[in-house]
$ cat entry.tsv   # TSV, C-alpha atoms
chain	number	residue	atom	x	y	z
E	1	MET	CA	-9.30	10.92	13.78
E	2	ARG	CA	-10.77	7.43	13.96
E	3	ALA	CA	-9.09	4.82	16.15
E	4	LEU	CA	-9.93	1.39	17.48
E	5	LEU	CA	-9.64	1.69	21.27
E	6	CYS	CA	-9.08	-0.77	24.08
E	7	GLN	CA	-10.78	1.00	27.00
E	8	GLU	CA	-10.78	-1.99	29.34
E	9	TYR	CA	-8.93	-5.29	29.22
E	10	GLY	CA	-10.72	-8.27	27.77
E	11	GLY	CA	-11.62	-9.92	24.48
E	12	PRO	CA	-12.47	-8.36	21.11
E	13	GLU	CA	-15.93	-7.40	22.40
E	14	CYS	CA	-14.27	-4.78	24.65
E	15	LEU	CA	-12.92	-2.82	21.66
E	16	VAL	CA	-14.63	0.40	20.56
E	17	LEU	CA	-14.24	2.37	17.32
E	18	SER	CA	-13.96	6.06	18.23
E	19	GLY	CA	-14.27	8.83	15.68
E	20	ASP	CA	-13.16	11.82	17.73
E	21	GLN	CA	-9.60	11.06	18.82
E	22	GLU	CA	-7.09	13.90	18.92
E	23	LEU	CA	-4.46	13.91	16.19
E	24	PRO	CA	-1.12	12.93	17.84
E	25	LEU	CA	1.80	15.37	17.60
E	26	PRO	CA	5.20	13.90	16.70
E	27	GLY	CA	8.05	14.30	19.17
E	28	ASP	CA	11.50	15.40	18.10
E	29	GLU	CA	12.52	11.91	16.89
E	30	GLU	CA	9.08	10.77	15.73
E	31	ILE	CA	7.17	10.48	12.47
E	32	ARG	CA	3.41	10.71	12.11
E	33	ILE	CA	2.11	8.24	9.56
E	34	ALA	CA	-1.24	8.41	7.79
E	35	VAL	CA	-2.06	4.71	8.04
E	36	HIS	CA	-3.41	3.06	4.89
E	37	ALA	CA	-3.08	-0.55	6.05
E	38	ALA	CA	-2.18	-2.29	9.30
E	39	GLY	CA	-1.15	-5.88	9.98
E	40	MET	CA	-2.88	-8.00	12.63
E	41	ASN	CA	-0.98	-10.41	14.87
E	42	PHE	CA	-1.73	-12.92	17.61
E	43	SER	CA	0.01	-10.51	20.01
E	44	ASP	CA	-2.78	-7.96	19.37
E	45	ASN	CA	-5.13	-10.33	21.21
E	46	LEU	CA	-2.61	-10.61	24.04
E	47	ILE	CA	-2.14	-6.86	24.50
E	48	ILE	CA	-5.88	-6.15	24.81
E	49	GLN	CA	-6.06	-8.86	27.49
E	50	ASN	CA	-3.12	-7.34	29.42
E	51	ARG	CA	-1.10	-10.51	28.72
E	52	TYR	CA	1.60	-8.95	26.54
E	53	GLN	CA	5.06	-7.92	27.76
E	54	GLU	CA	4.40	-4.28	26.82
E	55	LYS	CA	1.49	-2.69	28.67
E	56	PRO	CA	0.45	0.76	27.38
E	57	PRO	CA	-1.87	2.73	29.69
E	58	LEU	CA	-5.61	2.57	29.03
E	59	PRO	CA	-7.17	3.64	26.75
E	60	PHE	CA	-4.93	2.71	23.84
E	61	SER	CA	-5.17	1.54	20.26
E	62	PRO	CA	-3.61	-1.87	19.47
E	63	GLY	CA	-1.69	-2.57	16.28
E	64	PHE	CA	2.02	-3.24	15.78
E	65	GLU	CA	2.41	-2.85	11.99
E	66	ALA	CA	1.57	0.21	9.92
E	67	ALA	CA	2.02	1.07	6.26
E	68	GLY	CA	1.13	4.43	4.79
E	69	VAL	CA	2.34	7.92	4.02
E	70	VAL	CA	4.42	10.27	6.15
E	71	ASP	CA	2.14	13.06	7.35
E	72	ALA	CA	4.46	15.04	9.66
E	73	VAL	CA	7.94	14.71	11.16
E	74	GLY	CA	9.64	15.83	14.37
E	75	LYS	CA	12.24	18.60	14.33
E	76	ASN	CA	15.20	16.17	14.44
E	77	VAL	CA	13.96	14.00	11.54
E	78	SER	CA	15.71	14.92	8.29
E	79	ASP	CA	15.65	11.69	6.25
E	80	PHE	CA	11.87	11.48	5.81
E	81	LYS	CA	9.41	14.06	4.55
E	82	PRO	CA	5.62	14.32	4.18
E	83	GLY	CA	4.41	12.20	1.28
E	84	ASP	CA	7.03	9.46	1.61
E	85	ARG	CA	5.64	5.91	1.44
E	86	VAL	CA	6.77	3.96	4.52
E	87	LEU	CA	6.20	1.00	6.79
E	88	SER	CA	6.81	0.85	10.51
E	89	GLN	CA	6.72	-1.56	13.41
E	90	THR	CA	5.15	0.33	16.30
E	91	SER	CA	4.85	-0.35	20.03
E	92	HIS	CA	1.04	-0.10	19.60
E	93	GLY	CA	-1.45	2.29	17.95
E	94	ALA	CA	-1.48	1.17	14.32
E	95	PHE	CA	-5.24	0.51	14.28
E	96	ALA	CA	-5.98	4.19	13.75
E	97	GLU	CA	-5.96	6.72	10.93
E	98	PHE	CA	-2.68	8.19	12.21
E	99	VAL	CA	0.09	6.71	14.34
E	100	LEU	CA	3.35	7.99	15.77
E	101	ALA	CA	6.50	5.94	15.17
E	102	ASP	CA	10.10	6.25	16.31
E	103	ARG	CA	12.19	7.35	13.36
E	104	LYS	CA	14.50	4.31	13.85
E	105	HIS	CA	11.53	2.01	13.30
E	106	VAL	CA	10.36	3.55	10.02
E	107	PHE	CA	11.55	2.28	6.64
E	108	PRO	CA	10.95	3.58	3.11
E	109	LEU	CA	8.86	1.24	0.97
E	110	PRO	CA	10.43	-0.18	-2.17
E	111	ASP	CA	8.64	0.88	-5.34
E	112	SER	CA	7.42	-2.68	-5.87
E	113	MET	CA	5.48	-2.93	-2.58
E	114	ASP	CA	1.88	-1.79	-2.04
E	115	PHE	CA	0.48	-0.79	1.35
E	116	GLU	CA	-1.33	-4.06	2.13
E	117	THR	CA	1.76	-6.12	1.36
E	118	ALA	CA	3.83	-3.74	3.50
E	119	ALA	CA	1.41	-4.03	6.43
E	120	ALA	CA	1.86	-7.82	6.39
E	121	PHE	CA	5.64	-7.58	6.24
E	122	PRO	CA	7.52	-6.20	9.29
E	123	ILE	CA	6.89	-8.69	12.10
E	124	ALA	CA	6.61	-11.89	10.05
E	125	TYR	CA	9.63	-11.32	7.81
E	126	GLY	CA	11.66	-9.44	10.41
E	127	SER	CA	11.15	-12.31	12.84
E	128	ALA	CA	11.96	-14.94	10.23
E	129	TYR	CA	15.15	-13.20	9.08
E	130	GLY	CA	16.27	-12.31	12.59
E	131	ALA	CA	15.70	-15.81	13.93
E	132	LEU	CA	17.20	-17.70	11.01
E	133	ARG	CA	20.04	-15.44	10.00
E	134	LEU	CA	20.98	-13.28	12.98
E	135	MET	CA	20.41	-15.90	15.69
E	136	GLY	CA	20.46	-19.26	13.95
E	137	ALA	CA	23.20	-18.47	11.39
E	138	LEU	CA	21.36	-20.61	8.82
E	139	GLN	CA	23.60	-21.48	5.87
E	140	THR	CA	23.03	-22.53	2.28
E	141	GLY	CA	22.53	-26.30	2.05
E	142	GLU	CA	21.50	-26.81	5.69
E	143	ASN	CA	18.32	-28.59	6.76
E	144	LEU	CA	15.73	-26.22	8.24
E	145	VAL	CA	12.54	-27.37	10.00
E	146	VAL	CA	9.75	-24.80	10.34
E	147	HIS	CA	7.03	-25.59	12.89
E	148	GLY	CA	3.70	-23.75	12.79
E	149	ALA	CA	4.44	-23.40	9.12
E	150	THR	CA	1.17	-21.86	7.94
E	151	GLY	CA	0.98	-18.95	10.37
E	152	GLY	CA	2.24	-15.57	9.21
E	153	VAL	CA	5.72	-16.02	10.72
E	154	GLY	CA	5.91	-19.67	9.68
E	155	LEU	CA	5.19	-18.95	6.01
E	156	ALA	CA	7.72	-16.12	6.10
E	157	ALA	CA	10.31	-18.51	7.59
E	158	ILE	CA	9.76	-20.93	4.70
E	159	GLU	CA	10.41	-18.17	2.16
E	160	VAL	CA	13.40	-16.71	4.03
E	161	GLY	CA	14.88	-20.19	4.46
E	162	LYS	CA	14.57	-20.84	0.74
E	163	ALA	CA	16.04	-17.42	-0.10
E	164	ILE	CA	19.08	-18.31	2.04
E	165	GLY	CA	19.38	-21.63	0.21
E	166	ALA	CA	18.34	-24.14	2.87
E	167	LYS	CA	16.32	-27.33	2.43
E	168	VAL	CA	13.03	-26.52	4.16
E	169	ILE	CA	10.84	-29.07	5.94
E	170	ALA	CA	7.52	-27.65	7.16
E	171	THR	CA	5.21	-29.09	9.81
E	172	ALA	CA	1.46	-28.44	9.83
E	173	SER	CA	-1.80	-30.39	10.00
E	174	GLY	CA	-4.38	-31.12	7.32
E	175	GLU	CA	-4.14	-31.34	3.54
E	176	GLU	CA	-4.99	-27.68	2.93
E	177	LYS	CA	-2.26	-26.36	5.22
E	178	LEU	CA	0.30	-28.83	3.97
E	179	ALA	CA	-0.49	-27.78	0.39
E	180	LEU	CA	-0.06	-24.11	1.34
E	181	ALA	CA	3.36	-24.84	2.86
E	182	LEU	CA	4.46	-26.63	-0.32
E	183	ALA	CA	3.10	-23.81	-2.51
E	184	THR	CA	5.08	-21.32	-0.42
E	185	GLY	CA	8.30	-23.19	-1.19
E	186	ALA	CA	8.80	-25.98	1.37
E	187	ASP	CA	10.72	-28.93	-0.01
E	188	ALA	CA	8.85	-31.41	2.17
E	189	VAL	CA	6.03	-31.38	4.73
E	190	ILE	CA	5.12	-33.35	7.86
E	191	ASP	CA	1.57	-33.74	9.12
E	192	TYR	CA	2.25	-33.64	12.85
E	193	LYS	CA	-1.15	-35.10	13.73
E	194	HIS	CA	-0.59	-38.28	11.73
E	195	GLU	CA	3.18	-38.62	11.44
E	196	ASP	CA	6.00	-38.95	13.95
E	197	ILE	CA	7.98	-35.69	13.70
E	198	LYS	CA	11.27	-37.21	14.86
E	199	GLU	CA	11.15	-40.17	12.47
E	200	ARG	CA	10.05	-38.10	9.47
E	201	ILE	CA	12.81	-35.52	10.04
E	202	ARG	CA	15.38	-38.31	10.20
E	203	GLN	CA	14.00	-39.86	6.99
E	204	LEU	CA	13.97	-36.52	5.16
E	205	THR	CA	17.54	-35.65	6.22
E	206	ASP	CA	19.10	-39.08	5.55
E	207	GLY	CA	19.47	-39.71	9.27
E	208	LYS	CA	21.37	-36.51	10.04
E	209	GLY	CA	18.60	-34.49	11.66
E	210	ALA	CA	17.79	-30.80	11.36
E	211	ASP	CA	20.55	-28.20	11.45
E	212	VAL	CA	18.15	-25.40	12.43
E	213	ILE	CA	14.63	-25.65	13.86
E	214	PHE	CA	12.29	-22.65	13.89
E	215	ASP	CA	9.82	-23.21	16.72
E	216	PRO	CA	6.93	-20.86	17.55
E	217	VAL	CA	4.93	-23.77	19.04
E	218	GLY	CA	6.87	-25.16	21.99
E	219	GLY	CA	5.54	-27.88	24.31
E	220	ASP	CA	5.39	-31.36	22.77
E	221	THR	CA	6.63	-30.00	19.44
E	222	PHE	CA	9.81	-28.73	21.10
E	223	ASP	CA	10.33	-32.12	22.75
E	224	ALA	CA	10.19	-33.74	19.30
E	225	SER	CA	12.60	-31.11	17.96
E	226	LEU	CA	15.16	-31.87	20.66
E	227	ARG	CA	15.07	-35.55	19.69
E	228	SER	CA	15.55	-34.77	15.99
E	229	ILE	CA	18.15	-31.99	16.00
E	230	ALA	CA	21.51	-32.67	14.36
E	231	TRP	CA	24.88	-32.49	16.11
E	232	ASN	CA	25.77	-28.81	16.59
E	233	GLY	CA	22.21	-27.87	15.63
E	234	ARG	CA	20.32	-24.74	16.67
E	235	ILE	CA	16.73	-24.58	17.94
E	236	ILE	CA	15.27	-21.09	17.75
E	237	ILE	CA	12.48	-20.56	20.29
E	238	ILE	CA	9.98	-18.03	18.91
E	239	GLY	CA	6.97	-18.63	21.15
E	240	PHE	CA	4.66	-21.11	22.82
E	241	ALA	CA	1.52	-21.30	20.70
E	242	GLY	CA	1.10	-24.93	21.77
E	243	GLY	CA	0.31	-23.72	25.28
E	244	ARG	CA	3.01	-25.46	27.34
E	245	VAL	CA	6.29	-23.70	28.05
E	246	GLN	CA	8.84	-26.48	27.83
E	247	GLN	CA	11.60	-27.21	30.34
E	248	ILE	CA	14.90	-27.89	28.55
E	249	PRO	CA	17.04	-30.84	29.81
E	250	ALA	CA	20.59	-29.46	29.73
E	251	ASN	CA	22.14	-32.92	29.35
E	252	HIS	CA	20.55	-33.24	25.88
E	253	LEU	CA	22.19	-29.98	24.83
E	254	LEU	CA	25.58	-31.13	26.09
E	255	VAL	CA	25.63	-34.52	24.38
E	256	LYS	CA	24.86	-33.14	20.89
E	257	ASN	CA	26.43	-29.67	21.24
E	258	VAL	CA	22.96	-28.22	20.68
E	259	SER	CA	22.12	-24.52	21.11
E	260	CYS	CA	18.63	-23.41	22.18
E	261	LEU	CA	18.24	-19.72	21.39
E	262	GLY	CA	15.41	-17.50	22.49
E	263	PHE	CA	14.36	-14.89	19.95
E	264	TYR	CA	12.15	-11.80	20.23
E	265	TRP	CA	12.22	-9.46	17.22
E	266	GLY	CA	10.98	-6.48	19.24
E	267	SER	CA	14.16	-6.47	21.33
E	268	PHE	CA	16.24	-6.04	18.15
E	269	LEU	CA	14.28	-2.87	17.38
E	270	GLN	CA	15.32	-1.54	20.78
E	271	HIS	CA	18.88	-2.83	21.12
E	272	ALA	CA	20.16	-3.30	17.54
E	273	PRO	CA	18.39	-0.86	15.16
E	274	ASP	CA	21.33	-1.00	12.72
E	275	GLN	CA	20.89	-4.77	12.33
E	276	VAL	CA	17.16	-4.24	11.80
E	277	ALA	CA	17.86	-1.73	9.01
E	278	THR	CA	20.27	-4.18	7.37
E	279	ALA	CA	17.70	-6.96	7.67
E	280	PHE	CA	14.97	-4.92	5.99
E	281	SER	CA	17.32	-3.89	3.21
E	282	LYS	CA	18.00	-7.55	2.43
E	283	LEU	CA	14.32	-8.50	2.78
E	284	PHE	CA	13.27	-5.71	0.41
E	285	ASP	CA	15.83	-6.94	-2.13
E	286	TRP	CA	14.38	-10.45	-1.93
E	287	HIS	CA	10.88	-9.03	-2.34
E	288	LYS	CA	11.94	-7.17	-5.48
E	289	GLU	CA	13.38	-10.45	-6.80
E	290	GLY	CA	10.04	-12.19	-6.23
E	291	LYS	CA	11.32	-14.46	-3.44
E	292	LEU	CA	9.02	-13.10	-0.70
E	293	THR	CA	5.25	-12.78	-1.07
E	294	PRO	CA	3.18	-12.35	2.11
E	295	HIS	CA	0.12	-14.59	2.20
E	296	ILE	CA	-2.84	-12.40	3.19
E	297	SER	CA	-5.77	-14.65	4.03
E	298	ALA	CA	-8.26	-11.94	5.07
E	299	ARG	CA	-8.76	-8.20	4.71
E	300	PHE	CA	-11.13	-6.06	6.77
E	301	PRO	CA	-11.87	-2.34	6.91
E	302	LEU	CA	-11.16	-0.75	10.30
E	303	GLU	CA	-14.91	-0.86	11.07
E	304	GLN	CA	-14.78	-4.68	10.98
E	305	ALA	CA	-11.55	-5.12	12.94
E	306	ILE	CA	-13.30	-7.16	15.64
E	307	GLU	CA	-13.91	-9.92	13.06
E	308	GLY	CA	-10.16	-10.08	12.52
E	309	PHE	CA	-9.55	-10.32	16.27
E	310	GLN	CA	-12.04	-13.18	16.48
E	311	MET	CA	-10.32	-15.05	13.64
E	312	LEU	CA	-7.00	-14.70	15.46
E	313	GLN	CA	-8.50	-15.79	18.76
E	314	GLU	CA	-10.06	-18.88	17.18
E	315	ARG	CA	-6.87	-19.66	15.22
E	316	ARG	CA	-8.68	-19.59	11.87
E	317	VAL	CA	-5.88	-17.71	10.14
E	318	THR	CA	-3.29	-18.84	7.63
E	319	GLY	CA	-0.73	-16.17	6.87
E	320	LYS	CA	-1.79	-12.64	7.79
E	321	ILE	CA	-4.87	-10.50	8.32
E	322	VAL	CA	-4.68	-6.89	7.12
E	323	LEU	CA	-6.88	-3.94	8.09
E	324	THR	CA	-7.48	-1.25	5.47
E	325	ILE	CA	-7.82	2.17	7.08
E	326	GLN	CA	-7.31	5.13	4.74
E	327	THR	CA	-8.10	3.96	1.25
E	328	GLU	CA	-7.46	7.01	-0.90
E	329	ILE	CA	-4.47	6.44	-3.13
E	330	GLN	CA	-1.31	8.36	-2.30
E	331	GLY	CA	2.22	7.60	-3.42
E	332	LYS	CA	1.12	4.65	-5.57
E	333	PRO	CA	3.81	1.98	-6.13
E	334	LYS	CA	5.52	2.21	-9.47
E	335	PRO	CA	4.56	-0.44	-12.07
$ encode --input "entry.tsv" --output "structure tokens"
Amino acid sequence: MRALLCQEYGGPECLVLSGDQELPLPGDEEIRIAVHAAGMNFSDNLIIQNRYQEKPPLPFSPGFEAAGVVDAVGKNVSDFKPGDRVLSQTSHGAFAEFVLADRKHVFPLPDSMDFETAAAFPIAYGSAYGALRLMGALQTGENLVVHGATGGVGLAAIEVGKAIGAKVIATASGEEKLALALATGADAVIDYKHEDIKERIRQLTDGKGADVIFDPVGGDTFDASLRSIAWNGRIIIIGFAGGRVQQIPANHLLVKNVSCLGFYWGSFLQHAPDQVATAFSKLFDWHKEGKLTPHISARFPLEQAIEGFQMLQERRVTGKIVLTIQTEIQGKPKP
């Protein structure tokens, strides 16, 4: 089979497309998926540089999101069969024609979802739902601020926030990105390069502040969040794309009864698979209702995957990048 391999740690230039990889055999609790599309994430650049929390042995294929058709199942797998259309979040390996996935991390695709949409779905929407609903307990009518609003997870957080019934304020920079956030469903936007985040949040919430803040940026953006959070508010820490890992002054939390909650979606896959299944069931329902539509800004065949890595590295991406891998049509979504 063909697979994109990381044979030594480094940048995208260290990746090699190999055409003679051995077909992996599923273990007792595993499913082998014929991959039709795979989602790209910023963490793919981290894992090939040996900077990610999970470190598979060299050589390995990156890729955390796969959508395709079940090809084979392990002896203890009874709820999936060859030919089923599925998506999966994998530990790595999705940038290949076939990938193995733990049965608990595989989900049947709704009839309304094609493979490219599915490949853009698991991490962005799982993270958004898990952070906002499972950790942040976001409620209808609350004020939600989404930082980094035009990345894949940020756009998903806007849509999930609106599906829950919150008022969504998105932060981004530049007219094009602000327009994308509004088109995705944000009620208001803040240009963080030209506007004071704290003052604009107070203006947009009638002085109350934000009930929940979704923060994949950190650094100075987090500092502004802490100054603009409402009493009893919740700040969900998703990552540190801004570069500086903030130090949190505990006295600020005490005075306003503020909660700062760290969130990593991958740990839910390991520790709370039942909650993950419930989350995807709800997300699939919202997709069927037309409330969730992944924004795919670029598509590349597997042969051009390095271009996708370079776009991620240079932060030239809005929404998601998807790799197309096996293009023959199987298990087409129903009209």
$ atom_distance --input "entry.tsv" --atom1 "CA of Leu25 (chain E)" --atom2 "CA of Ala272 (chain E)"
26.2 Å
$ closest_residue --input "entry.tsv" --among "E:Glu307, E:Glu65, E:Asp20, E:Asp206" --to "Ile123 (chain E)" --atoms "only C-alpha atoms"
E:Glu65
$ residues_around --input "entry.tsv" --residues "Ala188 (chain E)" --least-positions-apart "3" --cutoff "8 Å" --atoms "only C-alpha atoms" --output "PyMOL selection string"
chain E and resi 168-170+182+204
$ residues_around --input "entry.tsv" --residues "region 218-229 of chain E" --least-positions-apart "5" --cutoff "6 Å" --atoms "all atoms listed in the file" --output "VMD selection string"
chain E and resid 198 209 to 210 240 242 244 to 246
$ residues_around --input "entry.tsv" --residues "region 96-111 of chain E" --least-positions-apart "4" --cutoff "7 Å" --atoms "all atoms listed in the file" --output "list of chain:residue names"
E:Met1, E:Arg2, E:Ala3, E:Leu4, E:Pro24, E:Pro26, E:Glu29, E:Glu30, E:Ile31, E:Arg32, E:Ile33, E:Ala34, E:Val35, E:Arg85, E:Val86, E:Leu87, E:Ser88, E:Gln89, E:Thr90, E:Leu269, E:Pro273, E:Phe284, E:Ile325, E:Gln326, E:Pro333, E:Lys334
$ atom_distance --input "entry.tsv" --atom1 "CA of Arg202 (chain E)" --atom2 "CA of Gly262 (chain E)"
24.2 Å
$ residues_near_point --input "entry.tsv" --point "(17.3, -6.5, 5.7)" --cutoff "12 Å" --atoms "all atoms listed in the file" --output "ChimeraX atom specification"
/E:107,121-122,125-130,133-134,160,273-287
$ write_last_selection --input "entry.tsv" --atoms "C-alpha atoms" --output "mmCIF file, in the coordinates of the input"
data_model
loop_
_atom_site.group_PDB
_atom_site.id
_atom_site.type_symbol
_atom_site.label_atom_id
_atom_site.label_comp_id
_atom_site.auth_asym_id
_atom_site.auth_seq_id
_atom_site.Cartn_x
_atom_site.Cartn_y
_atom_site.Cartn_z
ATOM 1 C CA PHE E 107 11.550 2.280 6.640
ATOM 2 C CA PHE E 121 5.640 -7.580 6.240
ATOM 3 C CA PRO E 122 7.520 -6.200 9.290
ATOM 4 C CA TYR E 125 9.630 -11.320 7.810
ATOM 5 C CA GLY E 126 11.660 -9.440 10.410
ATOM 6 C CA SER E 127 11.150 -12.310 12.840
ATOM 7 C CA ALA E 128 11.960 -14.940 10.230
ATOM 8 C CA TYR E 129 15.150 -13.200 9.080
ATOM 9 C CA GLY E 130 16.270 -12.310 12.590
ATOM 10 C CA ARG E 133 20.040 -15.440 10.000
ATOM 11 C CA LEU E 134 20.980 -13.280 12.980
ATOM 12 C CA VAL E 160 13.400 -16.710 4.030
ATOM 13 C CA PRO E 273 18.390 -0.860 15.160
ATOM 14 C CA ASP E 274 21.330 -1.000 12.720
ATOM 15 C CA GLN E 275 20.890 -4.770 12.330
ATOM 16 C CA VAL E 276 17.160 -4.240 11.800
ATOM 17 C CA ALA E 277 17.860 -1.730 9.010
ATOM 18 C CA THR E 278 20.270 -4.180 7.370
ATOM 19 C CA ALA E 279 17.700 -6.960 7.670
ATOM 20 C CA PHE E 280 14.970 -4.920 5.990
ATOM 21 C CA SER E 281 17.320 -3.890 3.210
ATOM 22 C CA LYS E 282 18.000 -7.550 2.430
ATOM 23 C CA LEU E 283 14.320 -8.500 2.780
ATOM 24 C CA PHE E 284 13.270 -5.710 0.410
ATOM 25 C CA ASP E 285 15.830 -6.940 -2.130
ATOM 26 C CA TRP E 286 14.380 -10.450 -1.930
ATOM 27 C CA HIS E 287 10.880 -9.030 -2.340
#
$ residues_around --input "entry.tsv" --residues "Lys193 (chain E)" --least-positions-apart "5" --cutoff "9 Å" --atoms "all atoms listed in the file" --output "PyMOL selection string"
chain E and resi 172-174
$ atom_distance --input "entry.tsv" --atom1 "CA of Gly152 (chain E)" --atom2 "CA of Phe309 (chain E)"
14.7 Å
$ residues_around --input "entry.tsv" --residues "Leu58 (chain E)" --least-positions-apart "6" --cutoff "9 Å" --atoms "all atoms listed in the file" --output "PyMOL selection string"
chain E and resi 5-9
$ closest_residue --input "entry.tsv" --among "E:Ile190, E:Ala157, E:Leu17, E:Val69" --to "Ala118 (chain E)" --atoms "all atoms listed in the file"
E:Val69
$ closest_residue --input "entry.tsv" --among "E:Gly161, E:Ala186, E:His92, E:Ile197" --to "Tyr52 (chain E)" --atoms "all atoms listed in the file"
E:His92
$ closest_residue --input "entry.tsv" --among "E:Gly83, E:Gly308, E:Gly151, E:Pro57" --to "Pro12 (chain E)" --atoms "only C-alpha atoms"
E:Gly308
$ closest_residue --input "entry.tsv" --among "E:Arg315, E:Ile236, E:Leu254, E:Gln310" --to "Gly11 (chain E)" --atoms "all atoms listed in the file"
E:Gln310
$ closest_residue --input "entry.tsv" --among "E:Gly207, E:Pro216, E:Gly148, E:Pro301" --to "Val189 (chain E)" --atoms "only C-alpha atoms"
E:Gly148
$ residues_near_point --input "entry.tsv" --point "(16.6, -25.2, 9.4)" --cutoff "7 Å" --atoms "all atoms listed in the file" --output "PyMOL selection string"
chain E and resi 138+142-146+166+168+210-214
$ build_atoms --input "entry.tsv" --residues "region 295-301 of chain E" --atoms "all heavy atoms" --output "PDB file, keeping the file's coordinate frame"
ATOM      1  N   HIS E 295       1.413 -13.954   2.443  1.00  0.00           N
ATOM      2  CA  HIS E 295       0.120 -14.590   2.200  1.00  0.00           C
ATOM      3  C   HIS E 295      -0.919 -13.895   3.075  1.00  0.00           C
ATOM      4  O   HIS E 295      -0.914 -14.046   4.296  1.00  0.00           O
ATOM      5  CB  HIS E 295       0.191 -16.082   2.540  1.00  0.00           C
ATOM      6  CG  HIS E 295      -1.120 -16.799   2.385  1.00  0.00           C
ATOM      7  ND1 HIS E 295      -1.666 -17.094   1.157  1.00  0.00           N
ATOM      8  CD2 HIS E 295      -1.997 -17.262   3.311  1.00  0.00           C
ATOM      9  CE1 HIS E 295      -2.808 -17.727   1.325  1.00  0.00           C
ATOM     10  NE2 HIS E 295      -3.051 -17.826   2.620  1.00  0.00           N
ATOM     11  N   ILE E 296      -1.788 -13.116   2.461  1.00  0.00           N
ATOM     12  CA  ILE E 296      -2.840 -12.400   3.190  1.00  0.00           C
ATOM     13  C   ILE E 296      -4.133 -13.195   3.025  1.00  0.00           C
ATOM     14  O   ILE E 296      -4.685 -13.284   1.932  1.00  0.00           O
ATOM     15  CB  ILE E 296      -3.006 -10.966   2.659  1.00  0.00           C
ATOM     16  CG1 ILE E 296      -1.687 -10.189   2.806  1.00  0.00           C
ATOM     17  CG2 ILE E 296      -4.131 -10.244   3.398  1.00  0.00           C
ATOM     18  CD1 ILE E 296      -1.695  -8.814   2.161  1.00  0.00           C
ATOM     19  N   SER E 297      -4.606 -13.780   4.123  1.00  0.00           N
ATOM     20  CA  SER E 297      -5.770 -14.650   4.030  1.00  0.00           C
ATOM     21  C   SER E 297      -7.080 -13.905   4.240  1.00  0.00           C
ATOM     22  O   SER E 297      -8.144 -14.409   3.873  1.00  0.00           O
ATOM     23  CB  SER E 297      -5.665 -15.780   5.065  1.00  0.00           C
ATOM     24  OG  SER E 297      -5.594 -15.271   6.377  1.00  0.00           O
ATOM     25  N   ALA E 298      -7.026 -12.709   4.839  1.00  0.00           N
ATOM     26  CA  ALA E 298      -8.260 -11.940   5.070  1.00  0.00           C
ATOM     27  C   ALA E 298      -7.931 -10.458   5.141  1.00  0.00           C
ATOM     28  O   ALA E 298      -6.862 -10.065   5.627  1.00  0.00           O
ATOM     29  CB  ALA E 298      -8.953 -12.394   6.343  1.00  0.00           C
ATOM     30  N   ARG E 299      -8.868  -9.656   4.643  1.00  0.00           N
ATOM     31  CA  ARG E 299      -8.760  -8.200   4.710  1.00  0.00           C
ATOM     32  C   ARG E 299     -10.067  -7.648   5.278  1.00  0.00           C
ATOM     33  O   ARG E 299     -11.145  -8.091   4.884  1.00  0.00           O
ATOM     34  CB  ARG E 299      -8.521  -7.607   3.315  1.00  0.00           C
ATOM     35  CG  ARG E 299      -7.202  -8.008   2.671  1.00  0.00           C
ATOM     36  CD  ARG E 299      -7.181  -7.604   1.198  1.00  0.00           C
ATOM     37  NE  ARG E 299      -5.889  -7.810   0.573  1.00  0.00           N
ATOM     38  CZ  ARG E 299      -5.468  -8.971   0.088  1.00  0.00           C
ATOM     39  NH1 ARG E 299      -6.258 -10.053   0.158  1.00  0.00           N
ATOM     40  NH2 ARG E 299      -4.267  -9.071  -0.479  1.00  0.00           N
ATOM     41  N   PHE E 300      -9.953  -6.688   6.187  1.00  0.00           N
ATOM     42  CA  PHE E 300     -11.130  -6.060   6.770  1.00  0.00           C
ATOM     43  C   PHE E 300     -10.919  -4.553   6.823  1.00  0.00           C
ATOM     44  O   PHE E 300      -9.791  -4.099   7.071  1.00  0.00           O
ATOM     45  CB  PHE E 300     -11.378  -6.549   8.208  1.00  0.00           C
ATOM     46  CG  PHE E 300     -11.700  -8.004   8.329  1.00  0.00           C
ATOM     47  CD1 PHE E 300     -10.727  -8.908   8.737  1.00  0.00           C
ATOM     48  CD2 PHE E 300     -12.970  -8.482   8.047  1.00  0.00           C
ATOM     49  CE1 PHE E 300     -11.011 -10.259   8.859  1.00  0.00           C
ATOM     50  CE2 PHE E 300     -13.276  -9.832   8.162  1.00  0.00           C
ATOM     51  CZ  PHE E 300     -12.288 -10.718   8.565  1.00  0.00           C
ATOM     52  N   PRO E 301     -11.979  -3.770   6.609  1.00  0.00           N
ATOM     53  CA  PRO E 301     -11.870  -2.340   6.910  1.00  0.00           C
ATOM     54  C   PRO E 301     -11.780  -2.162   8.428  1.00  0.00           C
ATOM     55  O   PRO E 301     -12.137  -3.070   9.201  1.00  0.00           O
ATOM     56  CB  PRO E 301     -13.162  -1.758   6.343  1.00  0.00           C
ATOM     57  CG  PRO E 301     -14.128  -2.897   6.385  1.00  0.00           C
ATOM     58  CD  PRO E 301     -13.323  -4.143   6.132  1.00  0.00           C
TER      59      PRO E 301
END
